[in-house]
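A.B. asks: Dropping in model22.tsv, with TSV, C-alpha atoms and all ligand atoms.
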chain	number	residue	atom	x	y	z
Y	167	MET	CA	-16.42	-0.67	-44.17
Y	168	VAL	CA	-15.25	-4.17	-45.03
Y	169	VAL	CA	-12.08	-4.86	-43.09
Y	170	VAL	CA	-11.47	-8.43	-44.17
Y	171	PHE	CA	-10.80	-10.16	-47.49
Y	172	PRO	CA	-13.21	-12.99	-48.41
Y	173	GLU	CA	-10.30	-15.48	-48.44
Y	174	ASN	CA	-6.82	-15.69	-46.97
Y	175	TRP	CA	-4.50	-13.54	-49.11
Y	176	ARG	CA	-1.53	-15.63	-47.94
Y	177	PRO	CA	-2.27	-19.36	-48.11
Y	178	PHE	CA	-2.12	-20.60	-44.53
Y	179	SER	CA	-3.73	-23.34	-42.48
Y	180	PHE	CA	-4.82	-23.22	-38.86
Y	181	ASP	CA	-5.96	-26.87	-38.92
Y	182	ALA	CA	-5.74	-28.62	-35.57
Y	183	SER	CA	-3.08	-30.99	-36.92
Y	184	ARG	CA	-0.86	-28.15	-38.11
Y	185	LYS	CA	0.71	-27.41	-34.74
Y	186	GLN	CA	2.04	-30.95	-34.40
Y	187	GLU	CA	3.35	-30.92	-37.99
Y	188	LEU	CA	5.23	-27.69	-37.37
Y	189	ILE	CA	6.61	-28.89	-34.03
Y	190	ASP	CA	7.85	-32.07	-35.71
Y	191	GLU	CA	9.47	-30.05	-38.51
Y	192	VAL	CA	11.39	-27.97	-35.97
Y	193	ARG	CA	12.20	-30.98	-33.80
Y	194	ASN	CA	13.52	-32.97	-36.78
Y	195	LEU	CA	15.52	-30.10	-38.22
Y	196	LYS	CA	19.00	-31.21	-39.23
Y	197	VAL	CA	21.63	-28.54	-39.55
Y	198	THR	CA	23.04	-29.28	-43.00
Y	199	ASN	CA	26.57	-28.05	-42.31
Y	200	PRO	CA	28.38	-30.55	-40.02
Y	201	GLU	CA	30.61	-27.73	-38.75
Y	202	VAL	CA	27.57	-26.14	-37.06
Y	203	GLN	CA	25.65	-27.85	-34.25
Y	204	CYS	CA	23.39	-25.01	-33.29
Y	205	LEU	CA	21.77	-22.30	-35.44
Y	206	ARG	CA	22.13	-18.80	-33.98
Y	207	ILE	CA	19.28	-16.34	-34.31
Y	208	LEU	CA	19.66	-12.72	-33.19
Y	209	VAL	CA	16.56	-10.67	-32.41
Y	210	HIS	CA	16.69	-6.91	-32.22
Y	211	GLY	CA	14.31	-3.97	-32.32
Y	212	PRO	CA	13.07	-1.00	-30.29
Y	213	VAL	CA	12.23	-1.32	-26.59
Y	214	GLY	CA	8.87	-2.82	-25.63
Y	215	VAL	CA	8.06	-4.38	-29.00
Y	216	GLY	CA	7.88	-7.94	-27.68
Y	217	LYS	CA	11.40	-9.35	-28.13
Y	218	SER	CA	11.50	-11.08	-24.75
Y	219	SER	CA	7.89	-12.17	-25.13
Y	220	PHE	CA	8.68	-13.73	-28.53
Y	221	ILE	CA	11.52	-15.77	-27.02
Y	222	ASN	CA	9.35	-16.72	-24.02
Y	223	SER	CA	6.48	-17.72	-26.31
Y	224	ILE	CA	8.75	-20.09	-28.28
Y	225	GLU	CA	10.06	-21.53	-25.03
Y	226	SER	CA	6.50	-22.04	-23.79
Y	227	ILE	CA	5.50	-23.99	-26.90
Y	228	PHE	CA	8.37	-26.48	-26.55
Y	229	ARG	CA	7.97	-26.81	-22.79
Y	230	GLY	CA	4.24	-27.39	-23.24
Y	231	ARG	CA	3.47	-24.76	-20.62
Y	232	MET	CA	4.02	-21.06	-19.97
Y	233	ALA	CA	7.68	-20.14	-19.48
Y	234	GLN	CA	9.53	-16.87	-19.05
Y	235	GLY	CA	13.23	-17.61	-19.18
Y	236	ALA	CA	14.09	-14.59	-21.33
Y	237	LEU	CA	12.07	-12.15	-19.27
Y	238	ALA	CA	13.37	-13.39	-15.91
Y	239	ASP	CA	16.89	-13.10	-17.16
Y	240	ALA	CA	16.32	-9.67	-18.66
Y	241	MET	CA	15.31	-8.28	-15.30
Y	242	SER	CA	18.09	-9.84	-13.27
Y	243	GLY	CA	20.82	-7.33	-14.13
Y	244	THR	CA	21.35	-3.88	-12.70
Y	245	SER	CA	19.77	-1.05	-14.64
Y	246	PHE	CA	22.84	-0.24	-16.74
Y	247	THR	CA	23.89	-3.82	-17.26
Y	248	LYS	CA	24.00	-4.98	-20.82
Y	249	LYS	CA	24.57	-8.66	-21.01
Y	250	PHE	CA	24.69	-10.97	-23.99
Y	251	HIS	CA	22.53	-14.01	-23.53
Y	252	SER	CA	21.54	-16.87	-25.84
Y	253	GLN	CA	18.34	-18.63	-24.91
Y	254	LYS	CA	18.30	-22.41	-25.38
Y	255	PHE	CA	15.06	-24.33	-25.77
Y	256	ARG	CA	14.39	-27.63	-24.09
Y	257	ASP	CA	12.01	-29.94	-25.88
Y	258	VAL	CA	9.59	-31.43	-23.35
Y	259	LYS	CA	9.22	-34.60	-25.44
Y	260	THR	CA	12.89	-35.58	-25.63
Y	261	GLY	CA	14.24	-33.62	-22.67
Y	262	LYS	CA	17.02	-32.40	-25.00
Y	263	PHE	CA	17.87	-28.93	-26.25
Y	264	LEU	CA	16.71	-28.05	-29.76
Y	265	PRO	CA	19.46	-27.23	-32.30
Y	266	PHE	CA	19.03	-23.45	-32.18
Y	267	VAL	CA	19.45	-20.52	-29.80
Y	268	ILE	CA	17.92	-17.06	-29.86
Y	269	SER	CA	19.91	-14.09	-28.55
Y	270	ASP	CA	18.64	-10.73	-27.43
Y	271	ILE	CA	21.12	-8.05	-26.37
Y	272	MET	CA	19.52	-6.83	-23.19
Y	273	GLY	CA	19.40	-3.17	-22.41
Y	274	LEU	CA	20.69	-2.04	-25.76
Y	275	GLU	CA	17.45	-0.35	-26.66
Y	276	ASN	CA	17.72	2.33	-23.94
Y	277	THR	CA	17.98	5.74	-25.52
Y	278	ALA	CA	20.96	6.58	-23.28
Y	279	THR	CA	22.92	3.76	-24.84
Y	280	ALA	CA	21.38	3.96	-28.29
Y	281	GLY	CA	24.63	5.19	-29.79
Y	282	ALA	CA	26.32	1.96	-28.82
Y	283	HIS	CA	23.49	-0.11	-30.23
Y	284	VAL	CA	24.64	-0.28	-33.82
Y	285	ASP	CA	28.29	-1.11	-33.07
Y	286	ASP	CA	27.37	-3.71	-30.46
Y	287	LEU	CA	24.96	-5.38	-32.81
Y	288	MET	CA	27.51	-5.45	-35.60
Y	289	ILE	CA	29.96	-7.16	-33.25
Y	290	ALA	CA	27.26	-9.62	-32.18
Y	291	LEU	CA	26.46	-10.39	-35.84
Y	292	GLU	CA	30.08	-11.29	-36.49
Y	293	GLY	CA	30.07	-13.72	-33.55
Y	294	HIS	CA	32.46	-11.87	-31.24
Y	295	LEU	CA	30.21	-12.12	-28.18
Y	296	LYS	CA	30.20	-15.20	-25.99
Y	297	ASP	CA	27.37	-15.79	-23.58
Y	298	GLY	CA	27.70	-13.74	-20.43
Y	299	PHE	CA	29.54	-10.89	-22.19
Y	300	PHE	CA	28.98	-7.69	-20.25
Y	301	PHE	CA	29.06	-4.41	-22.15
Y	302	ASN	CA	30.66	-1.33	-20.80
Y	303	PRO	CA	27.63	0.99	-20.80
Y	304	VAL	CA	29.55	4.04	-21.97
Y	305	GLY	CA	32.67	3.05	-23.84
Y	306	PRO	CA	33.44	0.86	-26.82
Y	307	VAL	CA	33.38	-2.93	-26.60
Y	308	GLN	CA	36.29	-4.13	-24.48
Y	309	LYS	CA	38.21	-6.65	-26.51
Y	310	GLU	CA	40.17	-7.82	-23.47
Y	311	ASN	CA	36.90	-9.01	-21.88
Y	312	PRO	CA	37.17	-12.81	-21.33
Y	313	ASN	CA	33.84	-13.28	-23.08
Y	314	TYR	CA	35.02	-11.45	-26.20
Y	315	ASN	CA	35.79	-13.92	-28.96
Y	316	SER	CA	38.47	-12.39	-31.16
Y	317	CYS	CA	38.44	-15.18	-33.78
Y	318	PRO	CA	34.83	-16.28	-34.25
Y	319	THR	CA	34.18	-19.22	-36.56
Y	320	LEU	CA	30.95	-20.06	-38.39
Y	321	PRO	CA	29.26	-21.75	-35.35
Y	322	ASP	CA	29.78	-18.55	-33.29
Y	323	LYS	CA	28.31	-16.21	-35.90
Y	324	VAL	CA	24.69	-15.11	-36.30
Y	325	HIS	CA	22.89	-17.16	-38.97
Y	326	CYS	CA	19.65	-15.19	-39.21
Y	327	LEU	CA	18.78	-11.67	-38.06
Y	328	VAL	CA	15.22	-11.06	-36.86
Y	329	SER	CA	13.94	-7.49	-36.61
Y	330	ILE	CA	10.94	-7.25	-34.30
Y	331	LEU	CA	8.41	-4.53	-35.08
Y	332	PRO	CA	5.02	-3.87	-33.44
Y	333	ALA	CA	1.97	-3.88	-35.74
Y	334	ASP	CA	0.10	-1.35	-33.61
Y	335	LYS	CA	2.84	1.30	-33.64
Y	336	ILE	CA	4.49	0.87	-37.03
Y	337	ALA	CA	2.47	3.69	-38.62
Y	338	MET	CA	3.51	6.07	-35.85
Y	339	MET	CA	7.16	5.35	-36.46
Y	340	GLU	CA	7.61	8.61	-38.31
Y	341	ASN	CA	8.49	11.06	-35.59
Y	342	GLU	CA	12.11	12.02	-35.23
Y	343	GLN	CA	13.06	9.79	-32.33
Y	344	VAL	CA	11.57	6.73	-33.95
Y	345	GLN	CA	12.98	7.69	-37.32
Y	346	ASP	CA	16.35	7.44	-35.62
Y	347	VAL	CA	15.55	3.89	-34.49
Y	348	ILE	CA	14.50	2.95	-38.02
Y	349	CYS	CA	17.75	4.39	-39.40
Y	350	LYS	CA	19.67	2.21	-36.95
Y	351	LEU	CA	17.67	-0.85	-37.86
Y	352	ARG	CA	18.43	-0.18	-41.53
Y	353	GLU	CA	22.12	0.30	-40.81
Y	354	ILE	CA	22.26	-3.04	-38.99
Y	355	ARG	CA	20.33	-4.67	-41.79
Y	356	GLN	CA	22.85	-3.36	-44.30
Y	357	LYS	CA	25.67	-4.87	-42.29
Y	358	ALA	CA	23.81	-8.20	-42.18
Y	359	THR	CA	23.33	-7.97	-45.95
Y	360	ASP	CA	27.07	-7.39	-46.41
Y	361	LEU	CA	27.71	-10.53	-44.34
Y	362	ARG	CA	25.05	-12.37	-46.40
Y	363	ILE	CA	23.07	-13.09	-43.21
Y	364	PRO	CA	19.39	-13.68	-44.00
Y	365	GLN	CA	16.90	-11.28	-42.42
Y	366	VAL	CA	13.27	-11.44	-41.46
Y	367	ILE	CA	10.75	-9.23	-39.71
Y	368	VAL	CA	8.57	-10.66	-36.97
Y	369	MET	CA	5.61	-8.32	-36.58
Y	370	THR	CA	4.18	-8.58	-33.05
Y	371	MET	CA	1.07	-7.08	-31.40
Y	372	VAL	CA	-1.26	-8.11	-34.22
Y	373	ASP	CA	-4.10	-8.34	-31.70
Y	374	LYS	CA	-3.70	-4.62	-30.98
Y	375	ALA	CA	-3.70	-3.67	-34.66
Y	376	CYS	CA	-6.96	-5.26	-35.79
Y	377	PRO	CA	-10.18	-5.91	-33.82
Y	378	GLU	CA	-11.10	-8.86	-36.08
Y	379	VAL	CA	-7.76	-10.51	-35.31
Y	380	GLN	CA	-8.15	-9.75	-31.62
Y	381	LYS	CA	-11.44	-11.65	-31.70
Y	382	LYS	CA	-10.11	-14.51	-33.79
Y	383	LEU	CA	-6.43	-14.90	-34.52
Y	384	ASN	CA	-7.10	-17.17	-37.49
Y	385	MET	CA	-8.48	-14.12	-39.35
Y	386	ILE	CA	-4.92	-12.82	-39.58
Y	387	TYR	CA	-4.42	-13.45	-43.29
Y	388	ARG	CA	-7.86	-12.08	-44.13
Y	389	SER	CA	-7.34	-8.81	-42.28
Y	390	LYS	CA	-6.74	-5.77	-44.48
Y	391	ASN	CA	-5.26	-3.94	-41.50
Y	392	ILE	CA	-2.64	-6.59	-40.91
Y	393	LYS	CA	-1.68	-6.76	-44.58
Y	394	ARG	CA	-1.25	-2.99	-44.62
Y	395	LYS	CA	0.89	-3.09	-41.45
Y	396	MET	CA	3.07	-5.79	-42.99
Y	397	GLN	CA	3.53	-3.65	-46.10
Y	398	GLU	CA	4.55	-0.73	-43.87
Y	399	CYS	CA	7.16	-2.99	-42.27
Y	400	THR	CA	8.58	-3.93	-45.65
Y	401	ASN	CA	8.66	-0.26	-46.72
Y	402	LYS	CA	10.43	0.80	-43.53
Y	403	LEU	CA	13.16	-1.84	-43.59
Y	404	GLY	CA	13.21	-3.01	-47.20
Y	405	VAL	CA	12.66	-6.67	-46.28
Y	406	PRO	CA	10.41	-8.42	-48.85
Y	407	MET	CA	6.85	-9.33	-47.92
Y	408	ASN	CA	7.55	-13.08	-47.87
Y	409	CYS	CA	10.03	-12.49	-45.06
Y	410	VAL	CA	7.48	-10.73	-42.82
Y	411	PHE	CA	5.78	-12.94	-40.24
Y	412	PRO	CA	2.94	-11.57	-38.15
Y	413	VAL	CA	2.61	-13.18	-34.70
Y	414	LYS	CA	0.82	-12.75	-31.45
Y	415	ASN	CA	3.01	-13.40	-28.44
Y	416	TYR	CA	1.79	-14.88	-25.21
Y	417	HIS	CA	1.25	-11.92	-22.92
Y	418	GLU	CA	-1.90	-12.42	-20.85
Y	419	GLU	CA	-2.81	-16.06	-21.48
Y	420	ILE	CA	-2.15	-18.78	-18.93
Y	421	GLU	CA	-2.72	-21.77	-21.22
Y	422	LEU	CA	-1.21	-22.56	-24.62
Y	423	GLN	CA	-3.47	-21.96	-27.62
Y	424	ASN	CA	-3.21	-23.69	-30.98
Y	425	ASP	CA	-3.68	-20.64	-33.20
Y	426	ILE	CA	-1.04	-18.62	-31.32
Y	427	ASP	CA	1.38	-21.55	-31.51
Y	428	ILE	CA	0.80	-22.20	-35.21
Y	429	LEU	CA	1.66	-18.62	-36.19
Y	430	LEU	CA	4.74	-18.54	-33.96
Y	431	LEU	CA	5.94	-21.95	-35.14
Y	432	SER	CA	5.46	-21.03	-38.78
Y	433	ALA	CA	7.62	-17.93	-38.26
Y	434	LEU	CA	10.22	-19.98	-36.36
Y	435	LYS	CA	10.32	-22.73	-38.99
Y	436	ASN	CA	11.00	-20.20	-41.73
Y	437	ILE	CA	13.65	-18.42	-39.65
Y	438	LEU	CA	15.43	-21.74	-39.01
Y	439	ASN	CA	15.26	-22.73	-42.68
Y	440	PHE	CA	16.84	-19.40	-43.70
Y	441	ALA	CA	19.53	-19.83	-41.02
Y	442	ASN	CA	20.19	-23.36	-42.24
Y	443	ASP	CA	20.45	-22.16	-45.86
Y	444	HIS	CA	23.03	-19.64	-44.69
Y	445	VAL	CA	25.29	-22.17	-42.95
Y	446	GLU	CA	24.90	-24.49	-45.93
Y	447	GLU	CA	25.98	-21.74	-48.30
Y	448	LYS	CA	29.00	-21.03	-46.10
Y	449	ALA	CA	29.96	-24.73	-46.28
Y	450	ASN	CA	30.19	-24.53	-50.04
Y	451	TYR	CA	32.84	-21.83	-50.05
Z	501	LIG	N1	-1.13	-7.43	-26.90
Z	501	LIG	C1	0.11	-7.89	-27.04
Z	501	LIG	N2	1.04	-7.57	-26.11
Z	501	LIG	C2	2.31	-8.06	-26.27
Z	501	LIG	C3	2.68	-8.86	-27.39
Z	501	LIG	N3	4.00	-9.14	-27.27
Z	501	LIG	C4	4.42	-8.55	-26.12
Z	501	LIG	N4	3.41	-7.90	-25.51
Z	501	LIG	C5	3.49	-7.09	-24.27
Z	501	LIG	O1	4.27	-5.94	-24.57
Z	501	LIG	C6	5.11	-5.57	-23.48
Z	501	LIG	C7	6.59	-5.51	-23.91
Z	501	LIG	O2	7.03	-6.81	-24.25
Z	501	LIG	P1	8.56	-7.29	-24.05
Z	501	LIG	O3	8.61	-8.69	-24.54
Z	501	LIG	O4	9.02	-7.05	-22.65
Z	501	LIG	O5	9.31	-6.31	-25.06
Z	501	LIG	P2	10.89	-6.11	-25.31
Z	501	LIG	O6	11.26	-4.87	-24.58
Z	501	LIG	O7	11.02	-5.91	-26.79
Z	501	LIG	O8	11.61	-7.33	-24.83
Z	501	LIG	C8	4.83	-6.61	-22.40
Z	501	LIG	O9	3.89	-6.06	-21.49
Z	501	LIG	C9	4.22	-7.78	-23.15
Z	501	LIG	O10	3.36	-8.54	-22.35
Z	501	LIG	C10	1.66	-9.17	-28.36
Z	501	LIG	O11	1.89	-9.85	-29.38
Z	501	LIG	N5	0.42	-8.66	-28.13
Z	502	MG	MG	13.14	-7.52	-23.39
Write the structure described by the file as structure tokens, please.
Ligand SMILES: Nc1nc2c(ncn2[C@@H]2O[C@H](COP(=O)(O)OP(=O)(O)O)[C@@H](O)[C@H]2O)c(=O)[nH]1
Ligand SMILES: [Mg+2]

C.D. replies:
Amino acid sequence: MVVVFPENWRPFSFDASRKQELIDEVRNLKVTNPEVQCLRILVHGPVGVGKSSFINSIESIFRGRMAQGALADAMSGTSFTKKFHSQKFRDVKTGKFLPFVISDIMGLENTATAGAHVDDLMIALEGHLKDGFFFNPVGPVQKENPNYNSCPTLPDKVHCLVSILPADKIAMMENEQVQDVICKLREIRQKATDLRIPQVIVMTMVDKACPEVQKKLNMIYRSKNIKRKMQECTNKLGVPMNCVFPVKNYHEEIELQNDIDILLLSALKNILNFANDHVEEKANY
């Protein structure tokens, strides 16, 4: 059975020079609304799908070496701690922070707290959570918490919502428990749509979903498996195909690799452009 297309179905280049071009595009990004200094990206999704690894992988690319800021932080709390944290990214070339942060609400994916997930995410989307906000694991968000921002302005709000889904398990996401997760993801997506926040899907674990891609990552846009998995993602969440970005996160490697970086950077560049479009649109109101 032929498992690959003869050509890329999505035009894409893995040329050696591409990584530098993409890094420069991200590095030179100018937020077009002067009110906003830093674009805010919120990642969410079921447990174990690669959210922390995605953030760590981006950090690694800009540090020029493996890094695990998001993971280290995620493990530092007690088991029921849910803390809001925005990861900054230092650019090894300039020594400065890049003009974006990525947040991941730690611990929210636990089934015990799943009920709180949707409300907490909605509040995060609207920019009510300052860094270091601790959730009460059982009750509603405490508005008297010093890290609760009761009057968020555009710079505090989320500018792009990223749903992370795993390529290898997306087809299995039919059983009841997972169906529940998908319903929640859809509910959050609807809220983001109401707020006109752009949304993308980052599809991780592509190496586990296709043996050809596991052998050579640059086969990604020739793989029939991967295309099918991406279509399943769009069907599940209703995000269009051109907003689905397949990536492989760093998980076992100890050195950076061009092909891994190019896919991640391409996803990041698009996410940042959508976020920038959003803050620009808000400036015109
Ligand atoms: N093969 C593979 N494993 C991955 C990938 N992304 C993450 N992982 C692994 O999947 C597990 C869960 O990842 P993690 O980032 O902790 O997921 P989170 O719970 O969503 O934050 C870890 O063991 C990672 O090393 C990927 O793209 N491919
Ligand atoms: Mg995590």

A.B. asks: Within 12 Å of Y:Gly235, counting all atoms listed in the file, which residues show up once you throw out same-chain ones fewer than 5 positions away? Write them as a PyMOL selection string, please.

C.D. replies: chain Y and resi 218-226+229+240-242+251-256+268

A.B. asks: With only C-alpha atoms as the counted atoms, please give the residues lying no more than 7 Å from Y:Ile363, apart from itself and same-chain residues fewer than 6 positions off, as a list in words.

C.D. replies: His325, Cys326, Leu327 and His444 of chain Y

A.B. asks: Could the residues of chain Y that have an atom at most 6 Å from ligand LIG 501 (chain Z) be listed as a tab-separated table, each with its closest atom pair and the distance in Å to one decimal, counting all atoms listed in the file and ordered by chain and ascending residue number?

C.D. replies:
residue	atom	partner	partner_atom	distance
Y:Val213	CA	Z:LIG501	O6	4.2
Y:Gly214	CA	Z:LIG501	O6	3.3
Y:Val215	CA	Z:LIG501	O7	4.0
Y:Gly216	CA	Z:LIG501	O3	3.3
Y:Lys217	CA	Z:LIG501	O7	3.7
Y:Ser218	CA	Z:LIG501	O8	3.8
Y:Ser219	CA	Z:LIG501	O3	3.6
Y:Thr370	CA	Z:LIG501	O11	4.5
Y:Met371	CA	Z:LIG501	O11	3.5
Y:Asp373	CA	Z:LIG501	N1	5.7
Y:Lys374	CA	Z:LIG501	N1	5.6
Y:Lys414	CA	Z:LIG501	O11	3.7
Y:Asn415	CA	Z:LIG501	O11	3.8
Y:His417	CA	Z:LIG501	O10	4.0

A.B. asks: Provide the atom CA of Y:Leu291 to atom CA of Y:Leu195 distance in Å, to one decimal place.

C.D. replies: 22.7 Å

A.B. asks: Which residues are close to stretch 422-427 of chain Y, i.e. within 12 Å by only C-alpha atoms, leaving aside same-chain residues fewer than 3 positions away? Reply as a PyMOL selection string.

C.D. replies: chain Y and resi 178-189+220+222-233+370-373+379-386+412-419+430-435

A.B. asks: For the atom pair atom CA of Y:Met369 and atom CA of Y:Met396, what is the interatomic distance in Å to one decimal place?

C.D. replies: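 That distance, rounded to one decimal, is 7.3 Å.
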
A.B. asks: Please determine the residues with any atom at most 10 Å from (36.0, -16.4, -34.0) (coordinates as given in the file, with all atoms listed in the file counting) and report them as a JSON list (two decimals) with C-alpha atoms, in the coordinates of the input.

C.D. replies:
[["chain", "number", "residue", "atom", "x", "y", "z"],
["Y", 292, "GLU", "CA", 30.08, -11.29, -36.49],
["Y", 293, "GLY", "CA", 30.07, -13.72, -33.55],
["Y", 294, "HIS", "CA", 32.46, -11.87, -31.24],
["Y", 295, "LEU", "CA", 30.21, -12.12, -28.18],
["Y", 296, "LYS", "CA", 30.20, -15.20, -25.99],
["Y", 314, "TYR", "CA", 35.02, -11.45, -26.20],
["Y", 315, "ASN", "CA", 35.79, -13.92, -28.96],
["Y", 316, "SER", "CA", 38.47, -12.39, -31.16],
["Y", 317, "CYS", "CA", 38.44, -15.18, -33.78],
["Y", 318, "PRO", "CA", 34.83, -16.28, -34.25],
["Y", 319, "THR", "CA", 34.18, -19.22, -36.56],
["Y", 320, "LEU", "CA", 30.95, -20.06, -38.39],
["Y", 321, "PRO", "CA", 29.26, -21.75, -35.35],
["Y", 322, "ASP", "CA", 29.78, -18.55, -33.29],
["Y", 323, "LYS", "CA", 28.31, -16.21, -35.90]]

A.B. asks: To one decimal in Å, tell me the separation between atom CA of Y:Val445 and atom CA of Y:Cys399.

C.D. replies: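 Here the two named atoms are 26.4 Å from each other.
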
A.B. asks: Between Y:Arg352, Y:Lys335, Y:Pro212, Y:Pro364, which is the closest to ligand MG 502 (chain Z) once you count only C-alpha atoms and all ligand atoms?

C.D. replies: Y:Pro212

A.B. asks: For Y:Ala337, which of Y:Asn199, Y:Asn391, Y:Gln365, Y:Gln356 is the closest residue, counting only C-alpha atoms?

C.D. replies: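 For Y:Ala337, the nearest of the candidates is Y:Asn391.
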
A.B. asks: Hey, could you pull the box centre and edge lengths for stretch 309-316 of chain Y, axis-aligned, 5 Å padding per side, all listed atoms, to one decimal in Å, as AutoDock Vina command-line options?

C.D. replies:
--center_x 37.0 --center_y -10.3 --center_z -26.2 --size_x 16.3 --size_y 17.3 --size_z 19.8

A.B. asks: Restricting the calculation to only C-alpha atoms and all ligand atoms: of Y:Glu447, Y:Glu173, Y:Asp270, Y:Asp257, which residue gets closest to ligand MG 502 (chain Z)?

C.D. replies: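 Residue with the minimum atom-to-atom distance to ligand MG 502 (chain Z): Y:Asp270.
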
A.B. asks: Identify, on the basis of all atoms listed in the file, every residue whose closest approach to Y:Gln203 does not exceed 9 Å; exclude the query and any residue fewer than 2 positions from it along the same chain; express the result as a CSV table (one decimal) with C-alpha atoms, in the frame of the given file.

C.D. replies:
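Result saved to result.csv:
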chain,number,residue,atom,x,y,z
Y,196,LYS,CA,19.0,-31.2,-39.2
Y,197,VAL,CA,21.6,-28.5,-39.6
Y,199,ASN,CA,26.6,-28.0,-42.3
Y,200,PRO,CA,28.4,-30.6,-40.0
Y,201,GLU,CA,30.6,-27.7,-38.8
Y,205,LEU,CA,21.8,-22.3,-35.4
Y,265,PRO,CA,19.5,-27.2,-32.3
Y,266,PHE,CA,19.0,-23.4,-32.2
Y,321,PRO,CA,29.3,-21.8,-35.4

A.B. asks: Rank Y:Glu310, Y:Glu378, Y:Glu353, Y:Glu191 by their smallest atom-to-atom distance to Y:Val169, using only C-alpha atoms, and report the top residue only.

C.D. replies: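 Among the listed residues, the smallest separation from Y:Val169 belongs to Y:Glu378.
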
A.B. asks: Name the closest residue to ligand MG 502 (chain Z) among the candidates Y:Met288, Y:Ile271, Y:Ile336, Y:Cys409; distances are taken between atoms, counting only C-alpha atoms and all ligand atoms.

C.D. replies: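 Of all the options, Y:Ile271 lies closest to ligand MG 502 (chain Z).
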